[in-house]
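Engineer: So that you have it, the file is final.cif, and it contains mmCIF, C-alpha atoms:
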```
data_work
#
loop_
_atom_site.group_PDB
_atom_site.id
_atom_site.type_symbol
_atom_site.label_atom_id
_atom_site.label_comp_id
_atom_site.auth_asym_id
_atom_site.auth_seq_id
_atom_site.Cartn_x
_atom_site.Cartn_y
_atom_site.Cartn_z
ATOM 1 C CA MET A 10 26.039 -11.330 20.931
ATOM 2 C CA LEU A 11 22.428 -12.185 20.197
ATOM 3 C CA THR A 12 23.083 -15.928 20.179
ATOM 4 C CA GLN A 13 25.035 -15.850 23.437
ATOM 5 C CA ALA A 14 22.654 -13.665 25.433
ATOM 6 C CA THR A 15 20.041 -14.991 27.842
ATOM 7 C CA GLU A 16 16.433 -13.865 27.998
ATOM 8 C CA PRO A 17 15.084 -11.185 27.986
ATOM 9 C CA LEU A 18 18.060 -9.588 26.185
ATOM 10 C CA PRO A 19 17.704 -11.524 22.883
ATOM 11 C CA THR A 20 14.042 -10.546 22.613
ATOM 12 C CA PHE A 21 14.893 -6.912 23.285
ATOM 13 C CA LEU A 22 17.668 -6.960 20.665
ATOM 14 C CA GLU A 23 15.333 -8.527 18.105
ATOM 15 C CA PHE A 24 12.825 -5.724 18.677
ATOM 16 C CA ILE A 25 15.585 -3.202 17.962
ATOM 17 C CA ILE A 26 16.555 -5.064 14.797
ATOM 18 C CA TYR A 27 12.925 -5.233 13.586
ATOM 19 C CA GLY A 28 12.610 -1.456 13.811
ATOM 20 C CA HIS A 29 15.661 -0.993 11.600
ATOM 21 C CA MET A 30 14.394 -3.637 9.172
ATOM 22 C CA ILE A 31 11.107 -1.747 8.815
ATOM 23 C CA ASP A 32 12.982 1.519 8.279
ATOM 24 C CA ASN A 33 15.100 -0.106 5.566
ATOM 25 C CA VAL A 34 12.038 -1.521 3.805
ATOM 26 C CA VAL A 35 10.397 1.913 3.846
ATOM 27 C CA LEU A 36 13.588 3.456 2.441
ATOM 28 C CA ILE A 37 13.757 0.903 -0.388
ATOM 29 C CA VAL A 38 10.045 1.210 -1.194
ATOM 30 C CA THR A 39 9.995 5.018 -1.305
ATOM 31 C CA GLY A 40 13.277 5.137 -3.200
ATOM 32 C CA THR A 41 11.999 2.642 -5.750
ATOM 33 C CA LEU A 42 8.794 4.610 -6.238
ATOM 34 C CA HIS A 43 10.887 7.725 -6.884
ATOM 35 C CA GLU A 44 13.130 5.803 -9.321
ATOM 36 C CA ARG A 45 16.322 6.075 -7.268
ATOM 37 C CA ASP A 46 19.357 3.884 -7.893
ATOM 38 C CA VAL A 47 19.087 0.564 -6.049
ATOM 39 C CA GLN A 48 22.752 0.467 -5.056
ATOM 40 C CA GLU A 49 22.520 3.978 -3.607
ATOM 41 C CA LEU A 50 19.470 2.951 -1.582
ATOM 42 C CA LEU A 51 21.160 -0.180 -0.267
ATOM 43 C CA GLU A 52 24.159 1.882 0.822
ATOM 44 C CA LYS A 53 21.848 4.157 2.821
ATOM 45 C CA CYS A 54 20.226 1.248 4.661
ATOM 46 C CA TYR A 55 21.151 0.843 8.302
ATOM 47 C CA HIS A 56 23.348 -2.223 8.849
ATOM 48 C CA LEU A 57 21.333 -3.615 11.785
ATOM 49 C CA GLY A 58 18.246 -3.744 9.603
ATOM 50 C CA MET A 59 19.785 -5.564 6.656
ATOM 51 C CA PHE A 60 18.415 -8.959 5.673
ATOM 52 C CA ASP A 61 19.064 -11.328 2.773
ATOM 53 C CA SER A 62 16.151 -10.440 0.525
ATOM 54 C CA ILE A 63 16.051 -6.656 0.915
ATOM 55 C CA ALA A 64 17.459 -6.077 -2.574
ATOM 56 C CA THR A 65 14.541 -7.954 -4.130
ATOM 57 C CA LEU A 66 12.227 -5.113 -3.093
ATOM 58 C CA ALA A 67 13.884 -2.824 -5.596
ATOM 59 C CA VAL A 68 12.842 -4.942 -8.589
ATOM 60 C CA ALA A 69 9.213 -3.882 -8.260
ATOM 61 C CA GLN A 70 7.974 -1.723 -11.120
ATOM 62 C CA ASN A 71 4.692 -0.503 -9.626
ATOM 63 C CA MET A 72 2.662 -0.286 -6.445
ATOM 64 C CA ARG A 73 0.975 -3.652 -6.983
ATOM 65 C CA GLU A 74 4.315 -5.467 -7.186
ATOM 66 C CA LEU A 75 5.589 -3.666 -4.085
ATOM 67 C CA TYR A 76 2.431 -4.661 -2.245
ATOM 68 C CA ARG A 77 2.932 -8.281 -3.263
ATOM 69 C CA LEU A 78 6.621 -8.347 -2.305
ATOM 70 C CA VAL A 79 6.254 -6.602 1.046
ATOM 71 C CA LEU A 80 2.848 -7.665 2.314
ATOM 72 C CA VAL A 81 1.803 -10.815 0.472
ATOM 73 C CA ASP A 82 5.140 -12.590 0.118
ATOM 74 C CA GLY A 83 6.494 -10.984 3.273
ATOM 75 C CA PHE A 84 5.452 -11.297 6.879
ATOM 76 C CA PHE A 85 2.003 -9.778 6.500
ATOM 77 C CA PHE A 86 0.461 -12.247 4.065
ATOM 78 C CA SER A 87 -2.851 -12.354 5.940
ATOM 79 C CA CYS A 88 -3.644 -8.642 5.510
ATOM 80 C CA PRO A 89 -6.788 -7.799 3.532
ATOM 81 C CA THR A 90 -6.434 -6.342 0.066
ATOM 82 C CA HIS A 91 -6.997 -2.668 -0.521
ATOM 83 C CA PRO A 92 -9.415 -1.357 -3.179
ATOM 84 C CA TRP A 93 -6.815 1.078 -4.598
ATOM 85 C CA LEU A 94 -4.641 -1.872 -5.647
ATOM 86 C CA HIS A 95 -7.340 -3.089 -7.995
ATOM 87 C CA THR A 96 -7.810 0.156 -9.887
ATOM 88 C CA SER A 97 -6.118 0.827 -13.175
ATOM 89 C CA PRO A 98 -3.369 3.490 -13.296
ATOM 90 C CA SER A 99 -5.513 5.731 -15.504
ATOM 91 C CA ALA A 100 -8.498 5.649 -13.130
#
```
What do you get writing this file as structure tokens?

Structural biologist:
Amino acid sequence: MLTQATEPLPTFLEFIIYGHMIDNVVLIVTGTLHERDVQELLEKCYHLGMFDSIATLAVAQNMRELYRLVLVDGFFFSCPTHPWLHTSPSA
């Protein structure tokens, strides 16, 4: 449907999809931080927000890796770094 629609419908549909993609990323990130099963998290993701590399988010072991996968390697690679990412876990 998206490929056959004429503007402005495809743009509107993409905005809807982006919202679901963000929701799915948040679900994977919070689930990973709480040590939930990756397969269970993927099953809970909304189908409109699925994308090819969503499962790679679940391989992160700590906040720094999640930051790198989502923000640096993702769409937001130009965001500034945060001071809390450079502190040691014991600090």

Engineer: Name the residues in contact with stretch 48-64 of chain A at a cut-off of 12 Å, using only C-alpha atoms, excluding same-chain residues fewer than 3 positions from it; report them as number ranges by chain.

Structural biologist: A: 22-45, 67-69, 75, 78-79, 82-83

Engineer: In Å, with one decimal, what is the gap from atom CA of A:Arg73 to atom CA of A:Val47?

Structural biologist: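 Atom-to-atom, atom CA of A:Arg73 to atom CA of A:Val47, that is 18.6 Å.
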
Engineer: Quick one, how far is atom CA of A:Thr65 from atom CA of A:Arg77?

Structural biologist: 11.6 Å

Engineer: Each side padded by 4 Å, which centre and which edge lengths in Å (one decimal) define the axis-aligned box around the listed atoms of stretch 27-34 of chain A? Give them as JSON.

Structural biologist:
```
{"center_x": 13.4, "center_y": -1.9, "center_z": 8.8, "size_x": 12.6, "size_y": 14.8, "size_z": 18.0}
```

Engineer: What lies within 10 Å of A:Met10 using all atoms listed in the file, ignoring chain neighbours under 4 positions off, as number ranges by chain?

Structural biologist: A: 14-15, 18-19, 22

Engineer: Please write the residues from the selection above to a file, keeping C-alpha atoms, as an mmCIF file, in the coordinates of the input.

Structural biologist:
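As a result, selection.cif now contains:
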```cif
data_model
loop_
_atom_site.group_PDB
_atom_site.id
_atom_site.type_symbol
_atom_site.label_atom_id
_atom_site.label_comp_id
_atom_site.auth_asym_id
_atom_site.auth_seq_id
_atom_site.Cartn_x
_atom_site.Cartn_y
_atom_site.Cartn_z
ATOM 1 C CA ALA A 14 22.654 -13.665 25.433
ATOM 2 C CA THR A 15 20.041 -14.991 27.842
ATOM 3 C CA LEU A 18 18.060 -9.588 26.185
ATOM 4 C CA PRO A 19 17.704 -11.524 22.883
ATOM 5 C CA LEU A 22 17.668 -6.960 20.665
#
```
